[in-house]
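Below is one structure, written out as structure tokens, with a few remarks after it.
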Amino acid sequence: RTASKQKENQGKPPLLSPDVAQTKDFIFTPINNPLNRIGDSGPLLLAKRKSDNQEQYLIKHAYTDCACNEFVYTKLAQGMGYKMPDAILFQLSDNQKEDYFITEYIIGLRYLDLEIESPTYAQIREKATNWTAYFSFKALYHIFDESDSFEIPLAKDGFIYRIDTTDAFPINTWHLSDAGINLTLNGYNPYETRKKQLLSSDFSNTLSTSMCDMSLANCLKENKDSLPYFLEPFIRIQDVSSAYIDQFLNTLCYFYPDFIGDYFKCYITALQKQCAEYVKLHQPY
């Protein structure tokens with residue numbers, strides 16, 4: 001995969017982005033895990049910048065979809081004004097893959113100092129500056145087609161954050177592991193097969209309105225006035241500009257095949273339109 005990506009990147013300008021870091025500038029250590037529990041993202045690392053050990057990131061590297069999906073989710077959510085730990089992609093330096101990382105796809109999520117790891121809604125309502133985001137995060141869960149646990153810790157800065165979003169979007173580690181291999185063996189090319197499959201996807205039902213409606217009903221049970229907070233991300237995603245989307249997808253495509261960026265561009269465009277339709281059906285007049 002690395003050789004295929006290097007070939008595809010030939011002719012591109014040098015990658016200069018605040019969303020990218022070099023592994024040589026950090027010290028990586030395993031996360032202390034006395035109970036030997038490994039979640040859906042595999043074994044985690046902690047990265048500390050050598051020049052400033054206060055700059056720390058939680059590192060995911062075990063599966064090919066972690067970096068892709070969490071980067072896209074983070075950039076979209078932040079572009080909509082929501083709190084997520086900053087995400088950076090790591091370029092491998094000095095052939096470090098064998099020493100530290102299971103795959104070459106490495107993402108760092110800014111380490112959060114937590115006040116409450118799993119707060120209740122009552123605690124969020126009492127303590128979080130951005131407590132209304134609880135309902136917006138509930139909506140984002142379905143807007144971005146998540147399927148894992150819903151994690152929103154309360155940080156010591158007084159804000160709740162959305163974390164652990166690998167299992168979002170209809171694209172996973174099986175797609176991305178194949179997509180990076182542009183090599184034909186016995187008449188089969190994984191790159192071309194996944195490219196054809198993903199770019200021919202049906203984007204007309206990107207948003208599951210039935211799941212959104214179920215979540216909205218539950219939110220209204222918790223807070224009868226939560227409708228505007230739930231609808232907020234459906235509105236905000238429409239204002240995320242094409243230029244902003246192109247910028248972070250361009251960065252992503254220095255790491256993943258270029259057609260993955262094309263896929264997400266189609267997906268997000270369809271999602272924006274369907275979110276607009278959802279608001280029309282649910283926004284009170």
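Labeling convention for the structure tokens: chains A, B, ... as they appear, residues from 1 per chain, ligands from 1 in order of appearance.
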Handout entry: Polymer residues at most 6 Å from Leu46 of chain A, only C-alpha atoms, same-chain spacing of 2 or more positions, as an NGL selection string
Key = :A and (28-29 or 31 or 57-59)
Handout entry: DSSP-assigned strand (DSSP E or B) among segment 4-225 of chain A, expressed as JSON, numbers by chain
Key = {"A": [20, 21, 22, 26, 27, 28, 29, 30, 45, 46, 47, 48, 49, 52, 53, 54, 55, 56, 57, 58, 59, 60, 87, 88, 89, 90, 91, 107, 108, 109, 110, 114, 115, 116, 151, 154, 155, 160, 163, 185, 188]}
Exercise for the section: Name the residues of segment 31-237 of chain A that come out as helix (DSSP H, G or I) in a backbone DSSP run; write them as number ranges by chain. Expected result: A: 64-79, 97-100, 121-127, 133-143, 173-179, 190-199, 203-205, 209-222, 227-237
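Checking A:Gly158, A:Pro153, A:Pro170, A:Gly108 one by one against Tyr263 of chain A, counting only C-alpha atoms, you find the shortest gap at A:Pro170.
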Practice task
Skip Ala270 of chain A itself and residues of its chain fewer than 6 positions away, then list as an MDAnalysis selection string all residues within 12 Å of it, counting only C-alpha atoms.
Solution key: chainID A and resid 143:144 201:207 237:238 263:264 276:277
Deliver the residues from the most recent selection as a file, using N, CA and C atoms, as a short mmCIF file (atom, residue, chain, number, x, y, z; two decimals), in the first residue's frame.
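So the final result, stored in part-v6.cif, reads:
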```cif
data_model
loop_
_atom_site.label_atom_id
_atom_site.label_comp_id
_atom_site.auth_asym_id
_atom_site.auth_seq_id
_atom_site.Cartn_x
_atom_site.Cartn_y
_atom_site.Cartn_z
N ILE A 143 -26.43 11.21 11.59
CA ILE A 143 -26.07 11.90 10.35
C ILE A 143 -24.84 11.24 9.72
N PHE A 144 -23.86 10.87 10.56
CA PHE A 144 -22.61 10.29 10.08
C PHE A 144 -22.62 8.76 10.16
N SER A 201 -21.56 3.75 -5.56
CA SER A 201 -22.50 3.64 -4.44
C SER A 201 -23.77 4.45 -4.69
N ASP A 202 -24.85 4.00 -4.09
CA ASP A 202 -26.11 4.73 -4.15
C ASP A 202 -26.11 5.78 -3.04
N PHE A 203 -25.94 7.02 -3.42
CA PHE A 203 -25.88 8.10 -2.43
C PHE A 203 -27.25 8.72 -2.15
N SER A 204 -28.31 8.14 -2.71
CA SER A 204 -29.64 8.74 -2.57
C SER A 204 -30.25 8.49 -1.19
N ASN A 205 -29.72 7.51 -0.46
CA ASN A 205 -30.22 7.22 0.89
C ASN A 205 -29.10 7.30 1.91
N THR A 206 -28.29 8.34 1.78
CA THR A 206 -27.16 8.51 2.68
C THR A 206 -27.61 8.74 4.11
N LEU A 207 -28.70 9.47 4.30
CA LEU A 207 -29.23 9.77 5.63
C LEU A 207 -30.36 8.81 5.96
N ILE A 237 -24.48 21.64 8.74
CA ILE A 237 -23.70 20.91 7.74
C ILE A 237 -23.89 21.51 6.35
N GLN A 238 -25.02 22.16 6.12
CA GLN A 238 -25.27 22.78 4.82
C GLN A 238 -24.36 23.99 4.59
N TYR A 263 -14.92 9.68 -3.18
CA TYR A 263 -16.08 9.03 -2.55
C TYR A 263 -16.67 9.94 -1.48
N PHE A 264 -15.83 10.46 -0.59
CA PHE A 264 -16.33 11.31 0.49
C PHE A 264 -16.93 12.60 -0.04
N ALA A 276 -30.88 18.97 4.50
CA ALA A 276 -31.75 20.12 4.23
C ALA A 276 -33.20 19.67 4.12
N GLU A 277 -33.41 18.54 3.48
CA GLU A 277 -34.77 18.01 3.34
C GLU A 277 -35.33 17.59 4.70
#
```
May I have a table of the residues of segment 101-206 of chain A lying at most 6 Å from segment 74-88 of chain A, giving each one's closest pair of atoms and their distance in Å to one decimal, counting only C-alpha atoms, ordered by chain and ascending residue number, as a tab-separated table?
```
residue	atom	partner	partner_atom	distance
A:Ile107	CA	A:Ile88	CA	5.7
A:Gly108	CA	A:Ile88	CA	5.2
A:Leu109	CA	A:Ala87	CA	4.7
A:Arg110	CA	A:Pro85	CA	5.0
A:Tyr161	CA	A:Lys83	CA	5.1
A:Arg162	CA	A:Met84	CA	5.4
```
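Using only C-alpha atoms for every distance, the candidate list A:Asp225, A:Asp167, A:Glu192, A:Asp25 yields A:Asp25 as the residue closest to Lys48 of chain A.
Picture a line from atom CA of Leu44 of chain A to atom CA of Pro30 of chain A; it runs 6.3 Å.
Those residues that approach Ser215 of chain A to within 10 Å, counting only C-alpha atoms, are Phe135, Lys138, Ala139, Tyr141, His142, Thr209, Lys221 and Phe230 of chain A; same-chain residues fewer than 6 positions away are not listed.
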I need the chosen residues saved as a PDB file, in the first residue's frame, with N, CA, C and O atoms.
```pdb
ATOM      1  N   PHE A 135     -27.518  17.048  22.542  1.00  0.00           N
ATOM      2  CA  PHE A 135     -28.553  16.672  21.578  1.00  0.00           C
ATOM      3  C   PHE A 135     -28.044  16.781  20.142  1.00  0.00           C
ATOM      4  O   PHE A 135     -28.430  15.997  19.273  1.00  0.00           O
ATOM      5  N   LYS A 138     -26.120  13.696  19.501  1.00  0.00           N
ATOM      6  CA  LYS A 138     -27.045  12.592  19.238  1.00  0.00           C
ATOM      7  C   LYS A 138     -27.458  12.582  17.764  1.00  0.00           C
ATOM      8  O   LYS A 138     -27.547  11.527  17.135  1.00  0.00           O
ATOM      9  N   ALA A 139     -27.704  13.778  17.224  1.00  0.00           N
ATOM     10  CA  ALA A 139     -28.063  13.871  15.808  1.00  0.00           C
ATOM     11  C   ALA A 139     -26.891  13.500  14.912  1.00  0.00           C
ATOM     12  O   ALA A 139     -27.039  12.758  13.932  1.00  0.00           O
ATOM     13  N   TYR A 141     -24.568  11.496  15.452  1.00  0.00           N
ATOM     14  CA  TYR A 141     -24.361  10.050  15.489  1.00  0.00           C
ATOM     15  C   TYR A 141     -25.044   9.381  14.306  1.00  0.00           C
ATOM     16  O   TYR A 141     -24.491   8.479  13.667  1.00  0.00           O
ATOM     17  N   HIS A 142     -26.249   9.846  14.002  1.00  0.00           N
ATOM     18  CA  HIS A 142     -27.007   9.244  12.894  1.00  0.00           C
ATOM     19  C   HIS A 142     -26.710   9.924  11.560  1.00  0.00           C
ATOM     20  O   HIS A 142     -26.737   9.277  10.508  1.00  0.00           O
ATOM     21  N   THR A 209     -33.354   8.539   7.736  1.00  0.00           N
ATOM     22  CA  THR A 209     -34.318   9.408   8.413  1.00  0.00           C
ATOM     23  C   THR A 209     -35.067   8.680   9.525  1.00  0.00           C
ATOM     24  O   THR A 209     -35.420   9.294  10.538  1.00  0.00           O
ATOM     25  N   LYS A 221     -37.932  13.090  24.905  1.00  0.00           N
ATOM     26  CA  LYS A 221     -38.306  12.519  26.191  1.00  0.00           C
ATOM     27  C   LYS A 221     -37.396  13.046  27.301  1.00  0.00           C
ATOM     28  O   LYS A 221     -37.840  13.260  28.421  1.00  0.00           O
ATOM     29  N   PHE A 230     -31.288  19.443  18.423  1.00  0.00           N
ATOM     30  CA  PHE A 230     -31.149  18.237  17.602  1.00  0.00           C
ATOM     31  C   PHE A 230     -31.057  18.593  16.121  1.00  0.00           C
ATOM     32  O   PHE A 230     -30.267  18.004  15.378  1.00  0.00           O
TER      33      PHE A 230
END
```
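For the pair atom CA of Asn69 of chain A and atom CA of Tyr278 of chain A, the separation is 23.7 Å.
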Exercise for the section: Have a look at A:Phe71, A:Phe90, A:Tyr63, A:Tyr256 and name the one nearest to Gly180 of chain A; count only C-alpha atoms. Expected result: A:Tyr256
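Atom CA of Asp145 of chain A is found 26.5 Å from atom CA of Leu45 of chain A.
Near Tyr121 of chain A, within 9 Å and counting only C-alpha atoms, sit A:Arg125, A:Glu126, A:Trp131, A:Tyr134, A:Glu222, not including residues fewer than 4 positions from it in the same chain.
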Taking N, CA and C atoms for each residue, export the selection above as a short mmCIF file (atom, residue, chain, number, x, y, z; two decimals), in the first residue's frame.
```cif
data_model
loop_
_atom_site.label_atom_id
_atom_site.label_comp_id
_atom_site.auth_asym_id
_atom_site.auth_seq_id
_atom_site.Cartn_x
_atom_site.Cartn_y
_atom_site.Cartn_z
N ARG A 125 -26.00 18.66 31.89
CA ARG A 125 -26.87 19.84 31.98
C ARG A 125 -26.39 20.78 33.07
N GLU A 126 -25.87 20.22 34.13
CA GLU A 126 -25.44 21.04 35.28
C GLU A 126 -24.05 21.65 35.05
N TRP A 131 -23.84 22.36 27.00
CA TRP A 131 -24.73 21.24 27.28
C TRP A 131 -25.71 20.95 26.15
N TYR A 134 -25.14 18.08 23.60
CA TYR A 134 -25.52 16.70 23.89
C TYR A 134 -26.53 16.22 22.85
N GLU A 222 -36.11 13.25 26.96
CA GLU A 222 -35.17 13.76 27.95
C GLU A 222 -35.35 15.26 28.19
#
```
